[in-house]
$ cat my_file.cif   # mmCIF, C-alpha atoms and all ligand atoms
data_input
#
loop_
_atom_site.label_atom_id
_atom_site.label_comp_id
_atom_site.auth_asym_id
_atom_site.auth_seq_id
_atom_site.Cartn_x
_atom_site.Cartn_y
_atom_site.Cartn_z
CA MET N 1 110.71 139.95 60.36
CA LEU N 2 109.73 136.38 61.18
CA LEU N 3 112.38 133.77 60.45
CA VAL N 4 111.46 130.09 60.54
CA ARG N 5 114.38 127.66 60.30
CA ASP N 6 114.40 123.84 60.17
CA LEU N 7 111.25 123.66 62.24
CA ASN N 8 110.08 120.18 63.15
CA LEU N 9 107.05 118.93 65.00
CA HIS N 10 106.72 115.25 65.80
CA ILE N 11 103.75 114.00 67.78
CA GLY N 12 103.68 110.36 68.86
CA GLY N 13 105.97 109.28 66.03
CA LEU N 14 104.03 111.27 63.42
CA LYS N 15 105.96 113.94 61.54
CA ILE N 16 103.50 116.84 61.49
CA LEU N 17 106.04 119.50 60.34
CA ASN N 18 109.30 118.65 58.55
CA ASP N 19 112.29 120.97 58.36
CA LEU N 20 110.17 124.00 57.66
CA SER N 21 112.12 127.15 56.71
CA PHE N 22 110.76 130.44 55.42
CA ASP N 23 110.72 134.19 56.12
CA VAL N 24 107.78 136.53 56.57
CA GLN N 25 108.65 140.08 55.52
CA ASP N 26 107.53 143.02 57.65
CA GLY N 27 104.36 144.66 56.40
CA SER N 28 103.51 141.80 54.05
CA ILE N 29 100.45 139.59 53.77
CA THR N 30 101.66 136.02 53.58
CA GLY N 31 99.29 133.19 52.74
CA LEU N 32 99.87 129.75 54.22
CA ILE N 33 98.10 127.23 52.03
CA GLY N 34 97.96 123.49 51.50
CA PRO N 35 95.49 120.61 51.53
CA ASN N 36 93.64 119.51 54.69
CA GLY N 37 96.03 118.11 57.26
CA ALA N 38 99.08 119.81 55.67
CA GLY N 39 100.11 121.29 59.03
CA LYS N 40 98.97 124.93 58.67
CA SER N 41 97.17 125.21 62.03
CA SER N 42 99.92 123.10 63.62
CA PHE N 43 102.47 125.70 62.53
CA TYR N 44 100.51 128.39 64.40
CA ASN N 45 100.27 126.10 67.42
CA VAL N 46 104.03 125.51 67.43
CA LEU N 47 104.70 129.23 67.05
CA PHE N 48 102.61 129.87 70.18
CA ASN N 49 104.13 126.86 71.96
CA LEU N 50 100.76 125.15 72.28
CA PHE N 51 102.60 122.23 70.67
CA PRO N 52 106.29 122.13 71.72
CA ALA N 53 108.60 122.09 68.68
CA SER N 54 110.74 119.00 68.23
CA GLY N 55 113.56 121.09 66.74
CA GLY N 56 114.39 124.25 64.85
CA SER N 57 113.92 127.94 65.39
CA ILE N 58 111.30 130.67 65.00
CA LYS N 59 112.59 134.21 65.50
CA LEU N 60 110.64 137.45 65.52
CA ASP N 61 112.93 140.46 65.07
CA GLY N 62 115.84 138.35 66.29
CA ILE N 63 114.08 137.01 69.39
CA GLU N 64 113.74 133.23 69.65
CA LEU N 65 110.15 132.15 70.29
CA ILE N 66 110.83 128.46 70.83
CA GLY N 67 110.82 127.71 74.55
CA LYS N 68 108.81 130.81 75.51
CA THR N 69 105.35 130.51 77.06
CA PRO N 70 102.24 131.47 75.02
CA ASP N 71 101.88 134.50 77.27
CA GLN N 72 105.46 135.67 76.65
CA ILE N 73 104.98 135.09 72.92
CA SER N 74 101.83 137.17 72.83
CA HIS N 75 103.59 139.95 74.78
CA LEU N 76 106.24 140.09 72.05
CA GLY N 77 103.45 141.44 69.85
CA ILE N 78 101.91 138.40 68.20
CA ALA N 79 98.16 137.93 67.96
CA ARG N 80 96.18 135.13 66.39
CA THR N 81 92.72 133.96 65.54
CA PHE N 82 91.71 130.31 65.60
CA GLN N 83 90.03 128.15 62.97
CA ASP N 84 87.11 127.66 65.38
CA SER N 85 85.68 130.57 67.38
CA LYS N 86 87.41 131.31 70.67
CA LEU N 87 84.91 133.95 71.83
CA LEU N 88 83.70 133.25 75.35
CA PRO N 89 79.99 132.43 74.84
CA GLN N 90 78.66 133.52 78.24
CA ILE N 91 80.01 137.08 78.26
CA THR N 92 79.01 140.03 76.12
CA VAL N 93 80.47 141.09 72.80
CA LEU N 94 82.04 144.18 74.41
CA GLU N 95 83.58 142.07 77.19
CA ASN N 96 85.02 139.71 74.59
CA MET N 97 86.55 142.69 72.81
CA LEU N 98 88.05 143.96 76.08
CA LEU N 99 89.69 140.61 76.78
CA SER N 100 92.13 141.49 73.97
CA SER N 101 93.13 144.81 75.58
CA LYS N 102 96.70 145.25 76.75
CA TYR N 103 95.36 147.12 79.77
CA LEU N 104 93.48 144.09 81.00
CA ASN N 105 94.61 143.32 84.53
CA PRO N 106 92.91 141.45 87.41
CA VAL N 107 91.37 144.64 88.85
CA ASN N 108 89.95 145.84 85.53
CA LEU N 109 88.83 142.32 84.68
CA ARG N 110 86.86 142.01 87.92
CA ARG N 111 85.26 145.41 87.40
CA VAL N 112 84.32 144.66 83.81
CA PHE N 113 82.59 141.44 84.80
CA PHE N 114 81.14 142.28 88.18
CA GLY N 115 80.88 146.07 88.17
CA GLY N 116 81.88 148.23 91.16
CA GLY N 117 84.84 150.57 91.39
CA ILE N 118 86.05 152.82 88.64
CA LEU N 119 87.83 151.51 85.60
CA SER N 120 91.24 153.02 84.95
CA GLU N 121 91.30 155.84 82.41
CA GLU N 122 93.19 153.64 79.95
CA PHE N 123 90.55 150.99 80.27
CA GLU N 124 87.72 153.47 79.76
CA ASN N 125 89.52 154.49 76.55
CA GLU N 126 89.70 150.85 75.53
CA LYS N 127 85.94 150.60 75.97
CA LYS N 128 85.48 153.61 73.72
CA LYS N 129 87.84 152.08 71.19
CA ALA N 130 85.87 148.81 71.23
CA ARG N 131 82.62 150.71 70.69
CA VAL N 132 84.08 152.62 67.74
CA LEU N 133 85.19 149.33 66.20
CA LEU N 134 81.76 147.74 66.68
CA LYS N 135 80.13 150.77 65.08
CA LYS N 136 82.46 150.63 62.15
CA VAL N 137 81.14 147.18 61.17
CA GLY N 138 77.53 147.96 62.10
CA LEU N 139 77.46 145.77 65.22
CA GLU N 140 77.07 148.57 67.77
CA ASP N 141 73.68 147.19 68.82
CA LYS N 142 75.35 143.87 69.76
CA GLU N 143 77.56 145.42 72.44
CA HIS N 144 75.56 143.89 75.31
CA SER N 145 74.57 140.65 73.56
CA LEU N 146 76.11 137.46 74.87
CA ALA N 147 78.62 136.14 72.36
CA LYS N 148 76.71 132.84 72.17
CA ASN N 149 73.80 134.71 70.56
CA LEU N 150 75.85 135.99 67.62
CA SER N 151 75.48 134.39 64.21
CA TYR N 152 78.43 132.43 62.85
CA GLY N 153 79.40 135.31 60.57
CA GLN N 154 79.12 137.90 63.32
CA SER N 155 81.39 135.78 65.55
CA LYS N 156 84.00 135.60 62.80
CA LEU N 157 83.75 139.34 62.38
CA ILE N 158 84.24 140.00 66.11
CA GLU N 159 87.28 137.69 66.13
CA THR N 160 88.87 139.82 63.41
CA LEU N 161 87.82 143.06 65.08
CA ARG N 162 89.46 141.99 68.34
CA LEU N 163 92.83 142.06 66.57
CA PHE N 164 92.55 145.87 66.50
CA MET N 165 92.31 145.93 70.30
CA TYR N 166 95.80 144.48 70.65
CA GLU N 167 98.91 146.32 69.54
CA SER N 168 100.53 143.45 67.67
CA LYS N 169 103.34 143.45 65.10
CA LEU N 170 102.42 140.07 63.69
CA VAL N 171 98.93 138.68 63.24
CA LEU N 172 98.23 135.03 62.43
CA MET N 173 94.75 134.26 61.13
CA ASP N 174 93.39 130.75 60.62
CA GLU N 175 90.68 130.65 57.93
CA PRO N 176 89.05 134.01 58.73
CA PHE N 177 86.76 133.74 55.69
CA SER N 178 85.60 130.14 55.88
CA GLY N 179 81.86 129.67 55.60
CA LEU N 180 81.09 133.38 55.21
CA PHE N 181 78.69 135.10 52.81
CA PRO N 182 80.25 137.42 50.18
CA GLU N 183 79.21 140.62 52.01
CA MET N 184 80.98 139.47 55.18
CA ILE N 185 84.05 138.41 53.20
CA LYS N 186 84.21 141.94 51.81
CA VAL N 187 84.08 143.47 55.29
CA ILE N 188 86.80 141.16 56.66
CA LYS N 189 88.97 141.78 53.59
CA GLY N 190 88.73 145.50 54.34
CA LEU N 191 89.70 144.89 57.98
CA ILE N 192 92.71 142.80 56.94
CA ARG N 193 93.90 145.63 54.70
CA GLU N 194 93.47 148.06 57.58
CA LEU N 195 95.49 145.82 59.90
CA VAL N 196 98.37 145.92 57.42
CA ALA N 197 97.96 149.66 56.83
CA SER N 198 98.30 150.13 60.60
CA GLY N 199 101.79 148.60 60.44
CA ARG N 200 101.06 144.96 61.20
CA THR N 201 102.44 141.98 59.35
CA LEU N 202 99.86 139.39 58.50
CA MET N 203 99.88 135.67 57.89
CA PHE N 204 96.73 133.84 57.02
CA VAL N 205 95.57 130.36 56.22
CA GLU N 206 92.91 130.09 53.54
CA HIS N 207 91.53 127.48 51.16
CA ASP N 208 89.89 129.89 48.69
CA MET N 209 92.54 130.48 46.02
CA LYS N 210 90.74 133.52 44.61
CA LEU N 211 91.10 135.26 47.97
CA ILE N 212 94.73 134.15 48.25
CA ALA N 213 95.48 135.52 44.76
CA GLU N 214 93.75 138.80 45.57
CA ILE N 215 95.16 139.49 49.02
CA CYS N 216 98.58 137.88 49.44
CA ASP N 217 101.96 139.33 48.52
CA HIS N 218 103.61 136.00 49.16
CA VAL N 219 102.39 132.42 49.47
CA ILE N 220 103.89 129.41 51.25
CA VAL N 221 102.56 126.01 50.26
CA LEU N 222 102.65 123.08 52.69
CA ASP N 223 101.89 119.47 51.96
CA ALA N 224 102.12 116.71 54.59
CA GLY N 225 104.13 119.01 56.86
CA SER N 226 106.75 120.06 54.29
CA LYS N 227 107.09 123.27 52.32
CA ILE N 228 106.65 122.34 48.66
CA ALA N 229 106.68 125.84 47.13
CA GLU N 230 106.75 129.54 47.88
CA GLY N 231 106.55 132.78 45.96
CA THR N 232 103.77 134.87 44.49
CA PHE N 233 100.48 133.06 43.94
CA GLU N 234 101.01 133.35 40.17
CA HIS N 235 104.32 131.56 40.61
CA VAL N 236 103.25 128.74 42.96
CA LYS N 237 99.98 127.93 41.15
CA THR N 238 101.83 126.65 38.09
CA LYS N 239 104.20 124.35 39.99
CA PRO N 240 103.50 120.66 39.32
CA GLU N 241 104.05 119.67 42.97
CA VAL N 242 101.43 122.20 44.09
CA ILE N 243 98.90 121.04 41.49
CA GLU N 244 99.52 117.43 42.48
CA ALA N 245 99.17 118.14 46.22
CA TYR N 246 95.74 119.64 45.59
CA LEU N 247 94.53 117.13 43.00
CA GLY N 248 95.77 114.29 45.19
CA ASP N 249 93.60 115.66 47.97
N1 LIG S 1 97.18 117.21 68.81
C1 LIG S 1 97.46 116.43 67.78
N2 LIG S 1 97.90 115.15 67.96
C2 LIG S 1 98.21 114.36 66.91
N3 LIG S 1 98.11 114.75 65.64
C3 LIG S 1 97.68 115.98 65.39
C4 LIG S 1 97.33 116.89 66.43
N4 LIG S 1 96.92 118.07 65.86
C5 LIG S 1 97.01 117.89 64.55
N5 LIG S 1 97.46 116.65 64.25
C6 LIG S 1 97.70 116.10 62.92
O1 LIG S 1 98.61 116.97 62.29
C7 LIG S 1 98.35 117.05 60.90
C8 LIG S 1 98.22 118.50 60.51
O2 LIG S 1 97.03 119.03 61.07
P1 LIG S 1 96.63 120.57 60.96
O3 LIG S 1 95.40 120.76 61.76
O4 LIG S 1 97.82 121.37 61.30
O5 LIG S 1 96.32 120.69 59.40
P2 LIG S 1 95.76 121.94 58.57
O6 LIG S 1 96.73 122.16 57.46
O7 LIG S 1 95.48 123.07 59.48
O8 LIG S 1 94.42 121.33 57.96
P3 LIG S 1 92.97 122.02 57.68
O9 LIG S 1 93.10 122.73 56.38
O10 LIG S 1 92.05 120.84 57.59
O11 LIG S 1 92.65 122.91 58.84
C9 LIG S 1 97.10 116.22 60.65
O12 LIG S 1 97.50 114.96 60.19
C10 LIG S 1 96.48 116.12 62.02
O13 LIG S 1 95.75 114.92 62.16
MG MG S 2 93.79 124.03 60.05
#
$ encode --input "my_file.cif" --output "structure tokens"
Amino acid sequence: MLLVRDLNLHIGGLKILNDLSFDVQDGSITGLIGPNGAGKSSFYNVLFNLFPASGGSIKLDGIELIGKTPDQISHLGIARTFQDSKLLPQITVLENMLLSSKYLNPVNLRRVFFGGGILSEEFENEKKKARVLLKKVGLEDKEHSLAKNLSYGQSKLIETLRLFMYESKLVLMDEPFSGLFPEMIKVIKGLIRELVASGRTLMFVEHDMKLIAEICDHVIVLDAGSKIAEGTFEHVKTKPEVIEAYLGD
């Protein structure tokens, strides 16, 4: 379980997150919503220590994340996607998938990029796993394409698919559906359900309230860095402070 307590983030005198406290239950899909600039992406950045917290605590299964390096945090079993694509444009789709493998080490990395030598058996299995995943979403013919040649939707899809390459307990997604056509939304929705079915806990940021209502078990609403409501979507959508935060936007 993820426990957030009295979390604060101040940058240059600005209060980006204020005394944020909430829990994320194991196996749930929790939506993090709120108007633009509410602090949703900043919360992810604090969790991964890309922005150092100004105070408070974030614990995953009793382990304090504050003060750990992004690398240590990811090794505790936390994966994330970013609001903007973080695929490396100049390497292939398959190589981008393999970058999320837990078996990635300097030797394998060199061999993946420059050839030569024999990949470890685990890493060969990871390659097979990546190929199966690409096939599952109909992108098997893109294996050798450079990531920069993917369409916007295909890039978003690969970002979600990469989450299956990493054995995480907690997955944080930042607007995985934004700007996608309905068919692609359907595919990514299916992948999100599979991530949860495989034992992961999921948090995601989304602006489309229909998707939030459909997918989330629990919703946390932020406005100007503070939590203004939480509960089921049916519960939070009727709260005057939530309506005002959105209308005011
Ligand atoms: N590195 C930074 N330095 C200073 N201020 C920042 C920084 N990053 C974000 N902010 C500010 O923090 C606030 C929250 O931004 P954040 O990106 O977390 O919002 P968000 O809820 O993800 O919004 P959106 O829905 O538009 O993605 C905004 O006022 C933003 O300008
Ligand atoms: Mg954001």
$ closest_residue --input "my_file.cif" --among "N:Asp174, N:Glu95, N:Asp71, N:Glu64" --to "N:Leu50" --atoms "all atoms listed in the file"
N:Asp71
$ closest_atom_pairs --input "my_file.cif" --of "chain N" --to "ligand MG 2 (chain S)" --cutoff "9 Å" --atoms "all atoms listed in the file" --output "tab-separated table"
residue	atom	partner	partner_atom	distance
N:Asn36	CA	S:MG2	MG	7.0
N:Gly37	CA	S:MG2	MG	6.9
N:Ala38	CA	S:MG2	MG	8.1
N:Gly39	CA	S:MG2	MG	7.0
N:Lys40	CA	S:MG2	MG	5.4
N:Ser41	CA	S:MG2	MG	4.1
N:Ser42	CA	S:MG2	MG	7.2
N:Phe82	CA	S:MG2	MG	8.6
N:Gln83	CA	S:MG2	MG	6.3
N:Asp174	CA	S:MG2	MG	6.8
N:Glu175	CA	S:MG2	MG	7.6
N:Val205	CA	S:MG2	MG	7.6
N:Glu206	CA	S:MG2	MG	8.9
$ closest_residue --input "my_file.cif" --among "N:Leu170, N:Leu104, N:Ile66, N:Val4" --to "N:Ser198" --atoms "all atoms listed in the file"
N:Leu170
$ residues_near_ligand --input "my_file.cif" --ligand "ligand LIG 1 (chain S)" --cutoff "12 Å" --atoms "all atoms listed in the file" --output "number ranges by chain"
N: 8-18, 32-47, 50-52, 82-84, 173-176, 178, 204-208, 220-227, 246, 249
$ atom_distance --input "my_file.cif" --atom1 "atom CA of N:Arg111" --atom2 "atom CA of N:His144"
15.6 Å
$ closest_residue --input "my_file.cif" --among "N:Tyr152, N:Ile215, N:Val137, N:Leu76" --to "N:Arg193" --atoms "all atoms listed in the file"
N:Ile215
$ residues_near_point --input "my_file.cif" --point "(95.8, 139.1, 69.0)" --cutoff "8 Å" --atoms "only C-alpha atoms" --output "ChimeraX atom specification"
/N:74,78-81,100,162-168,171
$ closest_residue --input "my_file.cif" --among "N:Met203, N:Met209, N:Ala53, N:Val93" --to "N:Gln25" --atoms "all atoms listed in the file"
N:Met203
$ residues_around --input "my_file.cif" --residues "stretch 230-237 of chain N" --least-positions-apart "3" --cutoff "8 Å" --atoms "all atoms listed in the file" --output "number ranges by chain"
N: 212-213, 216-221, 227, 242-243
$ closest_residue --input "my_file.cif" --among "N:Leu94, N:Asp26, N:Lys169, N:Glu124" --to "N:Leu139" --atoms "only C-alpha atoms"
N:Leu94
$ residues_around --input "my_file.cif" --residues "N:Asp61" --least-positions-apart "5" --cutoff "9 Å" --atoms "only C-alpha atoms" --output "number ranges by chain"
N: 1-3
$ write_last_selection --input "my_file.cif" --atoms "C-alpha atoms" --output "short mmCIF file (atom, residue, chain, number, x, y, z; two decimals), in the frame of the given file"
data_model
loop_
_atom_site.label_atom_id
_atom_site.label_comp_id
_atom_site.auth_asym_id
_atom_site.auth_seq_id
_atom_site.Cartn_x
_atom_site.Cartn_y
_atom_site.Cartn_z
CA MET N 1 110.71 139.95 60.36
CA LEU N 2 109.73 136.38 61.18
CA LEU N 3 112.38 133.77 60.45
#
$ build_atoms --input "my_file.cif" --residues "stretch 28-41 of chain N" --atoms "N, CA and C atoms" --output "mmCIF file, in the coordinates of the input"
data_model
loop_
_atom_site.group_PDB
_atom_site.id
_atom_site.type_symbol
_atom_site.label_atom_id
_atom_site.label_comp_id
_atom_site.auth_asym_id
_atom_site.auth_seq_id
_atom_site.Cartn_x
_atom_site.Cartn_y
_atom_site.Cartn_z
ATOM 1 N N SER N 28 104.067 142.594 55.155
ATOM 2 C CA SER N 28 103.510 141.800 54.050
ATOM 3 C C SER N 28 102.245 141.057 54.490
ATOM 4 N N ILE N 29 101.529 140.547 53.494
ATOM 5 C CA ILE N 29 100.450 139.590 53.770
ATOM 6 C C ILE N 29 100.907 138.273 53.159
ATOM 7 N N THR N 30 101.170 137.315 54.032
ATOM 8 C CA THR N 30 101.660 136.020 53.580
ATOM 9 C C THR N 30 100.579 134.976 53.747
ATOM 10 N N GLY N 31 100.294 134.251 52.692
ATOM 11 C CA GLY N 31 99.290 133.190 52.740
ATOM 12 C C GLY N 31 99.965 131.864 53.037
ATOM 13 N N LEU N 32 99.368 131.092 53.932
ATOM 14 C CA LEU N 32 99.870 129.750 54.220
ATOM 15 C C LEU N 32 98.801 128.799 53.706
ATOM 16 N N ILE N 33 99.132 128.070 52.653
ATOM 17 C CA ILE N 33 98.100 127.230 52.030
ATOM 18 C C ILE N 33 98.580 125.770 51.968
ATOM 19 N N GLY N 34 97.649 124.916 51.594
ATOM 20 C CA GLY N 34 97.960 123.490 51.500
ATOM 21 C C GLY N 34 96.713 122.691 51.785
ATOM 22 N N PRO N 35 96.681 121.438 51.336
ATOM 23 C CA PRO N 35 95.490 120.610 51.530
ATOM 24 C C PRO N 35 95.185 120.371 53.016
ATOM 25 N N ASN N 36 94.014 119.833 53.310
ATOM 26 C CA ASN N 36 93.640 119.510 54.690
ATOM 27 C C ASN N 36 94.710 118.616 55.315
ATOM 28 N N GLY N 37 95.054 118.937 56.552
ATOM 29 C CA GLY N 37 96.030 118.110 57.260
ATOM 30 C C GLY N 37 97.477 118.415 56.894
ATOM 31 N N ALA N 38 97.712 119.479 56.119
ATOM 32 C CA ALA N 38 99.080 119.810 55.670
ATOM 33 C C ALA N 38 99.958 120.303 56.825
ATOM 34 N N GLY N 39 99.322 120.814 57.890
ATOM 35 C CA GLY N 39 100.110 121.290 59.030
ATOM 36 C C GLY N 39 100.031 122.794 59.246
ATOM 37 N N LYS N 40 99.064 123.460 58.595
ATOM 38 C CA LYS N 40 98.970 124.930 58.670
ATOM 39 C C LYS N 40 98.621 125.383 60.099
ATOM 40 N N SER N 41 97.546 124.819 60.653
ATOM 41 C CA SER N 41 97.170 125.210 62.030
ATOM 42 C C SER N 41 98.242 124.744 63.005
#
